[in-house]
Amino acid sequence: MTVRAQDGVELWASAEGEGEPVLLCHGGPGTWDTLDDVAGLLAGRAAVHRWDQRGCGRSEWRGPTWP
């Protein structure tokens, strides 16, 4: 799935599992999919939410806009 940021950029997101929510955030542009295995392990015990940060992995990048 994707979610739309306030400026219209599409960010990839995932939600799986049930229970208490857990949010997983990757550490940088080159490590965007390292938490896939962790999400799979936790999904049987929690509602796991994660996303690819702007400009990383499956999310769009839009540079700053200047007036």
# chains A, B, ... in the order shown; residues from 1 in each chain; ligands from 1
$ residues_around --residues "stretch 52-57 of chain A" --least-positions-apart "2" --cutoff "8 Å" --atoms "only C-alpha atoms" --output "PDB file with N, CA and C atoms, in the first residue's frame"
ATOM      1  N   VAL A   9       3.724  13.401  -1.995  1.00  0.00           N
ATOM      2  CA  VAL A   9       4.658  12.299  -2.249  1.00  0.00           C
ATOM      3  C   VAL A   9       4.049  10.991  -1.752  1.00  0.00           C
ATOM      4  N   LEU A  11       4.409   7.400  -0.267  1.00  0.00           N
ATOM      5  CA  LEU A  11       5.333   6.623   0.553  1.00  0.00           C
ATOM      6  C   LEU A  11       4.815   5.193   0.660  1.00  0.00           C
ATOM      7  N   TRP A  12       5.684   4.232   0.399  1.00  0.00           N
ATOM      8  CA  TRP A  12       5.311   2.826   0.541  1.00  0.00           C
ATOM      9  C   TRP A  12       5.136   2.517   2.021  1.00  0.00           C
ATOM     10  N   ALA A  13       4.112   1.732   2.342  1.00  0.00           N
ATOM     11  CA  ALA A  13       3.860   1.350   3.731  1.00  0.00           C
ATOM     12  C   ALA A  13       3.333  -0.077   3.768  1.00  0.00           C
ATOM     13  N   CYS A  25      11.157   1.377  11.692  1.00  0.00           N
ATOM     14  CA  CYS A  25      11.687   2.420  10.814  1.00  0.00           C
ATOM     15  C   CYS A  25      13.120   2.065  10.434  1.00  0.00           C
ATOM     16  N   HIS A  26      13.381   1.930   9.150  1.00  0.00           N
ATOM     17  CA  HIS A  26      14.736   1.585   8.706  1.00  0.00           C
ATOM     18  C   HIS A  26      15.693   2.743   8.933  1.00  0.00           C
ATOM     19  N   GLY A  28      18.290   4.112   6.960  1.00  0.00           N
ATOM     20  CA  GLY A  28      18.874   5.004   5.976  1.00  0.00           C
ATOM     21  C   GLY A  28      18.563   4.585   4.562  1.00  0.00           C
ATOM     22  N   PRO A  29      19.036   5.354   3.595  1.00  0.00           N
ATOM     23  CA  PRO A  29      18.669   5.105   2.207  1.00  0.00           C
ATOM     24  C   PRO A  29      19.149   3.771   1.653  1.00  0.00           C
ATOM     25  N   GLY A  30      20.231   3.234   2.159  1.00  0.00           N
ATOM     26  CA  GLY A  30      20.739   1.972   1.630  1.00  0.00           C
ATOM     27  C   GLY A  30      20.249   0.744   2.374  1.00  0.00           C
ATOM     28  N   TRP A  32      16.810   0.087   3.310  1.00  0.00           N
ATOM     29  CA  TRP A  32      15.364   0.234   3.386  1.00  0.00           C
ATOM     30  C   TRP A  32      14.603  -1.067   3.570  1.00  0.00           C
ATOM     31  N   ASP A  33      15.117  -2.218   3.229  1.00  0.00           N
ATOM     32  CA  ASP A  33      14.334  -3.452   3.354  1.00  0.00           C
ATOM     33  C   ASP A  33      14.928  -4.434   4.359  1.00  0.00           C
ATOM     34  N   ARG A  50       5.300  -0.483   9.006  1.00  0.00           N
ATOM     35  CA  ARG A  50       6.599   0.012   8.540  1.00  0.00           C
ATOM     36  C   ARG A  50       6.410   0.734   7.226  1.00  0.00           C
ATOM     37  N   SER A  59       9.500   4.226  -2.028  1.00  0.00           N
ATOM     38  CA  SER A  59       8.872   5.531  -1.826  1.00  0.00           C
ATOM     39  C   SER A  59       9.438   6.570  -2.790  1.00  0.00           C
ATOM     40  N   GLU A  60       8.593   7.530  -3.130  1.00  0.00           N
ATOM     41  CA  GLU A  60       8.996   8.605  -4.040  1.00  0.00           C
ATOM     42  C   GLU A  60       9.904   9.616  -3.350  1.00  0.00           C
ATOM     43  N   TRP A  61      10.620  10.335  -4.183  1.00  0.00           N
ATOM     44  CA  TRP A  61      11.422  11.466  -3.706  1.00  0.00           C
ATOM     45  C   TRP A  61      10.927  12.707  -4.437  1.00  0.00           C
ATOM     46  N   ARG A  62      10.770  13.752  -3.705  1.00  0.00           N
ATOM     47  CA  ARG A  62      10.508  15.057  -4.296  1.00  0.00           C
ATOM     48  C   ARG A  62      11.360  16.041  -3.529  1.00  0.00           C
TER      49      ARG A  62
END
$ residues_around --residues "A:Glu16" --least-positions-apart "4" --cutoff "9 Å" --atoms "only C-alpha atoms" --output "PyMOL selection string"
chain A and resi 39-40+43-44+46-49
$ write_last_selection --atoms "N, CA, C and O atoms" --output "compact mmCIF listing (two decimals), in the first residue's frame"
# COMPACT_ATOMS: atom_id res chain seq x y z
N ALA A 39 9.78 -8.02 10.63
CA ALA A 39 8.33 -7.81 10.54
C ALA A 39 7.60 -9.14 10.46
O ALA A 39 6.57 -9.34 11.12
N GLY A 40 8.13 -10.07 9.68
CA GLY A 40 7.50 -11.38 9.57
C GLY A 40 7.50 -12.15 10.88
O GLY A 40 6.51 -12.80 11.22
N ALA A 43 4.85 -10.41 13.26
CA ALA A 43 3.47 -10.34 12.80
C ALA A 43 2.55 -11.33 13.52
O ALA A 43 1.35 -11.08 13.63
N GLY A 44 3.07 -12.42 14.02
CA GLY A 44 2.25 -13.37 14.76
C GLY A 44 1.94 -12.91 16.18
O GLY A 44 1.11 -13.50 16.86
N ALA A 46 2.08 -9.15 17.02
CA ALA A 46 1.81 -7.72 17.08
C ALA A 46 1.32 -7.22 15.71
O ALA A 46 1.47 -7.90 14.70
N ALA A 47 0.76 -6.03 15.71
CA ALA A 47 0.41 -5.35 14.46
C ALA A 47 1.64 -4.54 14.05
O ALA A 47 1.98 -3.56 14.68
N VAL A 48 2.31 -4.99 13.01
CA VAL A 48 3.58 -4.39 12.60
C VAL A 48 3.34 -3.39 11.47
O VAL A 48 2.77 -3.73 10.44
N HIS A 49 3.80 -2.17 11.68
CA HIS A 49 3.67 -1.10 10.69
C HIS A 49 5.07 -0.65 10.30
O HIS A 49 5.92 -0.45 11.16
$ closest_residue --among "A:Arg4, A:Asp36, A:Trp51, A:Glu10" --to "A:Leu23" --atoms "only C-alpha atoms"
A:Trp51
$ atom_distance --atom1 "atom CA of A:Ser14" --atom2 "atom CA of A:Met1"
6.3 Å
$ select_by_dssp --residues "chain A" --states "strand (DSSP E or B)" --output "count of residues only"
20
$ atom_distance --atom1 "atom CA of A:Ala15" --atom2 "atom CA of A:Leu35"
12.8 Å
